[in-house]
Amino acid sequence: MTGAAVAPGVAEVLATDTGTGMGAGNGGPSLIHEAVERHAARVPDAVALVDGARRVGYAELDAAADAWAAELLDLGAGPGGFVPVVLPRSATLVAALLGVLKTGAAYAALDPGWPVERLRSVTGMLAPRVMVAPDPWEGREAWDGPLCAPSPSGLGPRNAVAQPDGPRPGRASRPPVDGSCPATVFFTSGTTGRPKAVVSGHRATLSLFDGGFEPFTSGGARGPVMPQAAPVSWDGFTLETWGPLVNGGTSVLLDSGYLLPGTLRALVEREGVDTVWLTASLFHLFVDEDPGCFAGLRHVLTGGERLSVPRVRAFLDRHPDVGLTNGYGPVETCVFTTARRVRRSDCDVPSGIPVGEPVPGRRVHILADGGLPAAPGTTGEICVSGDGVALGYLGDAELTARMFPTVTVDGVPTRLYRTGDLGFQDGDGVVHFTGRADRQVKVRGHRVEPEEVEAVVRALSGVADCAVVPVPGVNGGYERLALFYTQAPGDDPLPPPAVRRELTARLPRHLVPDLVRRRADLPLTANGKLDRSALLRTLRQGGNGGHGGQRGSGGSADNDVSGDNGGSGGNGMEAGA
């Protein structure tokens, strides 16, 4: 085996003291793939994955993962390295990810639909020895190193060597890793124009899913059956894939990646789906469009944005026997930090539906100015410690040190993640979310740093300046992005459709603004700062709109363009894209 490469900055990440012990904490496996191996040994024929018409048992999945591991080890994967995996949602993808983990490396599941420029950028951050992707592959120009391609028919790699029946070789000689080692890399929006690579360890996943967090309990019952619809690069993928598999359940992979009320009904009836994750926006949509679609479920997990109290009331009235959990957690804490089984009395809380109490492997600290603990009921920054906290940001030691400081808590040096979210704990220790301390927002469940989009826009030839503004929806959350830009003097005209096309080629879909508007200038407040509220007012004024007394052009078909990025569409104000 060739020595594994160490990506830039990973040495600082690997040297970080991250937690309080091994991941599971209950005598169980300390590695994600070991949890799957346990079920493969105990219930080999139990269904692990549903991929269209195909049912994949735990033993079959584990055998395919071993084949991937053997091939990847030969190509240089191993501890301290990161392996990009660019495959569509499929049983083969899950087998490949397990195979990467068995080598001791961490995986980064990348969306095959991302622009080539984005894939090239994130792959460069990972500095891999080998990539998993189809061959031939349209995005091949993003990577010129060794490629490990999937078999056209099976779950394993194309060059896998058939193994005889019986114990598979290689497990005893695997590279030594433990629960503190990296397992996955999540890419999330960053303020510098580049995404942030969040490195999450094995124990972050196992501490959540192999403990006492309902519905991922370890009380001997069958694990949950969940649809897998979240983007593969998102931590929602971890929830919908490893949540069931760590607990002996089933992950049902959606062909389209879009979960609709009718699809949920069919999955409950056909596949026995009993648990579902929906962003708050989707939960609201389902309650509005088809409130009966939750029938047959045991549990609905939601969160990511503020919940609509009227929708929550309607759900509780219609489905009193279906558990509804409101969860909160940035990707740096691996899916959830807190969660709460919603009860009817929560609908009367003035600050909105509470986000709950810490889930296994996480502790919450509300810190006031100066880093001192805030008194109950006092708003401060939500900080998180424990096994669920990420190892850091790959290749960015300075940002890691700033966002993951070690502070003294109850006399003990404690490594924290500073979320930048504001909230308070009530007298019962329940956390209530109140807002953000910066410009970061959630749009349709995706974390968005407007500065990242603005940095890409300013790099376009012909753009002088710009502002990206999140547009509020009727439920208090944000439902889309609007881009306002000015043109550089003397350059050729740069119409909004051209700007949007350029951004589509450079950014993931959820970061491409739904509305693009060209202006003569950007409005300023009396203090000389950008007036984002004035920009939002121009959208509400509509049509060939005025600009709230501000100078600047906009509103005509020549200066506006709108598109649909998977959420609510245009509002009739803008010219069609």
# chains A, B, ... in the order shown; residues from 1 in each chain; ligands from 1
call {"tool": "residues_around", "arguments": {"residues": "Thr337 (chain A)", "least_positions_apart": "6", "cutoff": "7 Å", "atoms": "only C-alpha atoms", "output": "ChimeraX atom specification"}}
result
/A:328-329,358-359,362
call {"tool": "residues_around", "arguments": {"residues": "region 468-480 of chain A", "least_positions_apart": "4", "cutoff": "6 Å", "atoms": "only C-alpha atoms", "output": "list in words"}}
result
Ser308, Val443, Arg444 and Pro450 of chain A
call {"tool": "write_last_selection", "arguments": {"atoms": "N, CA, C and O atoms", "output": "compact mmCIF listing (two decimals), in the first residue's frame"}}
result
# COMPACT_ATOMS: atom_id res chain seq x y z
N SER A 308 -43.35 27.06 12.05
CA SER A 308 -44.59 27.83 12.04
C SER A 308 -45.54 27.25 13.09
O SER A 308 -45.92 26.08 13.01
N VAL A 443 -31.68 29.05 4.06
CA VAL A 443 -32.62 29.23 2.96
C VAL A 443 -33.05 27.85 2.49
O VAL A 443 -32.22 27.07 1.99
N ARG A 444 -34.32 27.53 2.68
CA ARG A 444 -34.86 26.22 2.32
C ARG A 444 -34.02 25.10 2.92
O ARG A 444 -33.76 24.09 2.27
N PRO A 450 -24.10 34.85 2.67
CA PRO A 450 -24.22 35.75 1.52
C PRO A 450 -22.88 36.25 1.00
O PRO A 450 -22.71 36.50 -0.20
call {"tool": "closest_atom_pairs", "arguments": {"of": "region 112-191 of chain A", "to": "region 57-71 of chain A", "cutoff": "6 Å", "atoms": "only C-alpha atoms", "output": "CSV"}}
result
residue,atom,partner,partner_atom,distance
A:Leu155,CA,A:Ala64,CA,5.7
A:Gly156,CA,A:Ala64,CA,4.9
A:Pro157,CA,A:Trp68,CA,5.7
A:Ala160,CA,A:Ala67,CA,6.0
call {"tool": "closest_residue", "arguments": {"among": "A:Met226, A:Thr205, A:Ser256, A:Pro244", "to": "Val273 (chain A)", "atoms": "only C-alpha atoms"}}
result
A:Met226
call {"tool": "atom_distance", "arguments": {"atom1": "CA of Met131 (chain A)", "atom2": "CA of Gly392 (chain A)"}}
result
22.3 Å
call {"tool": "select_by_dssp", "arguments": {"residues": "region 59-273 of chain A", "states": "alpha helix (DSSP H)", "output": "VMD selection string"}}
result
chain A and resid 59 to 74 91 to 102 116 to 126 202 to 209 235 to 246 261 to 271
call {"tool": "residues_around", "arguments": {"residues": "region 74-76 of chain A", "least_positions_apart": "2", "cutoff": "12 Å", "atoms": "only C-alpha atoms", "output": "VMD selection string"}}
result
chain A and resid 1 to 6 67 to 72 78 to 83 100 103 to 105 128 to 132 145 to 149 159 to 160 170
call {"tool": "select_by_dssp", "arguments": {"residues": "region 140-281 of chain A", "states": "strand (DSSP E or B)", "output": "ChimeraX atom specification"}}
result
/A:147-148,150,157,182-188,196-201,211-213,216-217,225-228,250-253,275-279
call {"tool": "residues_around", "arguments": {"residues": "region 33-38 of chain A", "least_positions_apart": "4", "cutoff": "8 Å", "atoms": "only C-alpha atoms", "output": "number ranges by chain"}}
result
A: 28-29, 42, 58-59, 62, 98, 101-102, 245-248
call {"tool": "residues_around", "arguments": {"residues": "Val355 (chain A)", "least_positions_apart": "5", "cutoff": "8 Å", "atoms": "only C-alpha atoms", "output": "PyMOL selection string"}}
result
chain A and resi 326-328+338-340+430-433
call {"tool": "atom_distance", "arguments": {"atom1": "CA of Leu119 (chain A)", "atom2": "CA of Glu138 (chain A)"}}
result
11.5 Å
call {"tool": "closest_residue", "arguments": {"among": "A:Tyr417, A:Ala368, A:Leu87, A:Leu511", "to": "Leu391 (chain A)", "atoms": "only C-alpha atoms"}}
result
A:Tyr417
call {"tool": "residues_around", "arguments": {"residues": "Val268 (chain A)", "least_positions_apart": "3", "cutoff": "10 Å", "atoms": "only C-alpha atoms", "output": "list in words"}}
result
Val225, Met226, Pro227, Thr263, Leu264, Arg265, Glu271, Gly272, Val273, Asp274, Thr275, Val276, Cys293, Phe294, Ala295, Gly296 and Leu297 of chain A
call {"tool": "write_last_selection", "arguments": {"atoms": "C-alpha atoms", "output": "compact mmCIF listing (two decimals), in the first residue's frame"}}
result
# COMPACT_ATOMS: atom_id res chain seq x y z
CA VAL A 225 -36.78 2.93 8.19
CA MET A 226 -36.03 6.33 6.65
CA PRO A 227 -36.11 7.82 3.17
CA THR A 263 -43.91 10.01 -2.40
CA LEU A 264 -43.96 9.80 1.39
CA ARG A 265 -47.38 8.14 1.34
CA GLU A 271 -41.38 0.13 2.09
CA GLY A 272 -42.59 0.48 5.67
CA VAL A 273 -40.99 3.90 6.13
CA ASP A 274 -41.68 4.93 9.72
CA THR A 275 -39.39 7.94 10.28
CA VAL A 276 -38.79 10.99 8.10
CA CYS A 293 -49.46 12.21 4.28
CA PHE A 294 -47.88 11.58 7.70
CA ALA A 295 -50.27 8.73 8.48
CA GLY A 296 -48.42 5.50 9.31
CA LEU A 297 -45.25 7.19 10.53
call {"tool": "residues_around", "arguments": {"residues": "Val499 (chain A)", "least_positions_apart": "4", "cutoff": "8 Å", "atoms": "only C-alpha atoms", "output": "number ranges by chain"}}
result
A: 457, 494-495, 503, 516
call {"tool": "write_last_selection", "arguments": {"atoms": "all heavy atoms", "output": "PDB file, in the first residue's frame"}}
result
ATOM      1  N   VAL A 457     -19.680  36.848  -7.308  1.00  0.00           N
ATOM      2  CA  VAL A 457     -20.271  37.844  -8.211  1.00  0.00           C
ATOM      3  C   VAL A 457     -19.256  38.943  -8.516  1.00  0.00           C
ATOM      4  O   VAL A 457     -19.095  39.367  -9.672  1.00  0.00           O
ATOM      5  CB  VAL A 457     -21.551  38.447  -7.594  1.00  0.00           C
ATOM      6  CG1 VAL A 457     -22.093  39.564  -8.492  1.00  0.00           C
ATOM      7  CG2 VAL A 457     -22.608  37.365  -7.411  1.00  0.00           C
ATOM      8  N   LEU A 494     -23.958  43.864 -19.066  1.00  0.00           N
ATOM      9  CA  LEU A 494     -23.972  42.549 -18.424  1.00  0.00           C
ATOM     10  C   LEU A 494     -25.380  42.322 -17.874  1.00  0.00           C
ATOM     11  O   LEU A 494     -25.678  42.671 -16.729  1.00  0.00           O
ATOM     12  CB  LEU A 494     -22.937  42.501 -17.301  1.00  0.00           C
ATOM     13  CG  LEU A 494     -22.729  41.139 -16.622  1.00  0.00           C
ATOM     14  CD1 LEU A 494     -22.158  40.127 -17.603  1.00  0.00           C
ATOM     15  CD2 LEU A 494     -21.811  41.287 -15.414  1.00  0.00           C
ATOM     16  N   PRO A 495     -26.267  41.783 -18.679  1.00  0.00           N
ATOM     17  CA  PRO A 495     -27.662  41.641 -18.247  1.00  0.00           C
ATOM     18  C   PRO A 495     -27.810  40.562 -17.171  1.00  0.00           C
ATOM     19  O   PRO A 495     -26.985  39.657 -17.059  1.00  0.00           O
ATOM     20  CB  PRO A 495     -28.386  41.249 -19.539  1.00  0.00           C
ATOM     21  CG  PRO A 495     -27.345  40.602 -20.376  1.00  0.00           C
ATOM     22  CD  PRO A 495     -26.046  41.309 -20.059  1.00  0.00           C
ATOM     23  N   LEU A 503     -23.178  32.366 -12.624  1.00  0.00           N
ATOM     24  CA  LEU A 503     -23.224  31.855 -11.258  1.00  0.00           C
ATOM     25  C   LEU A 503     -23.631  30.378 -11.231  1.00  0.00           C
ATOM     26  O   LEU A 503     -23.136  29.604 -10.407  1.00  0.00           O
ATOM     27  CB  LEU A 503     -24.190  32.682 -10.414  1.00  0.00           C
ATOM     28  CG  LEU A 503     -23.808  34.146 -10.223  1.00  0.00           C
ATOM     29  CD1 LEU A 503     -24.833  34.865  -9.358  1.00  0.00           C
ATOM     30  CD2 LEU A 503     -22.417  34.274  -9.604  1.00  0.00           C
ATOM     31  N   VAL A 516     -32.277  38.134  -9.685  1.00  0.00           N
ATOM     32  CA  VAL A 516     -31.085  38.911 -10.026  1.00  0.00           C
ATOM     33  C   VAL A 516     -31.548  40.244 -10.603  1.00  0.00           C
ATOM     34  O   VAL A 516     -32.311  40.273 -11.575  1.00  0.00           O
ATOM     35  CB  VAL A 516     -30.193  38.173 -11.038  1.00  0.00           C
ATOM     36  CG1 VAL A 516     -28.971  39.027 -11.383  1.00  0.00           C
ATOM     37  CG2 VAL A 516     -29.762  36.821 -10.492  1.00  0.00           C
TER      38      VAL A 516
END
call {"tool": "closest_residue", "arguments": {"among": "A:Arg270, A:Arg89, A:Arg500, A:Arg54", "to": "Ala230 (chain A)", "atoms": "only C-alpha atoms"}}
result
A:Arg89
call {"tool": "atom_distance", "arguments": {"atom1": "CA of Pro176 (chain A)", "atom2": "CA of Arg203 (chain A)"}}
result
15.2 Å
call {"tool": "closest_residue", "arguments": {"among": "A:Thr188, A:Ser207, A:Gln487, A:Gln440", "to": "Val463 (chain A)", "atoms": "only C-alpha atoms"}}
result
A:Gln487
call {"tool": "decode", "arguments": {"residues": "region 112-128 of chain A", "atoms": "C-alpha atoms", "output": "compact mmCIF listing (two decimals), in the first residue's frame"}}
result
# COMPACT_ATOMS: atom_id res chain seq x y z
CA PRO A 112 -22.11 15.01 -9.17
CA GLY A 113 -24.31 17.91 -10.25
CA TRP A 114 -21.95 20.57 -8.91
CA PRO A 115 -20.19 22.73 -11.51
CA VAL A 116 -16.76 21.42 -12.51
CA GLU A 117 -15.14 24.56 -11.11
CA ARG A 118 -16.69 23.86 -7.70
CA LEU A 119 -15.61 20.21 -7.80
CA ARG A 120 -12.08 21.23 -8.73
CA SER A 121 -11.96 23.73 -5.85
CA VAL A 122 -13.13 21.34 -3.14
CA THR A 123 -11.02 18.48 -4.47
CA GLY A 124 -7.97 20.72 -4.24
CA MET A 125 -8.80 21.41 -0.60
CA LEU A 126 -8.89 17.66 0.09
CA ALA A 127 -5.54 16.92 -1.63
CA PRO A 128 -6.53 13.28 -2.22
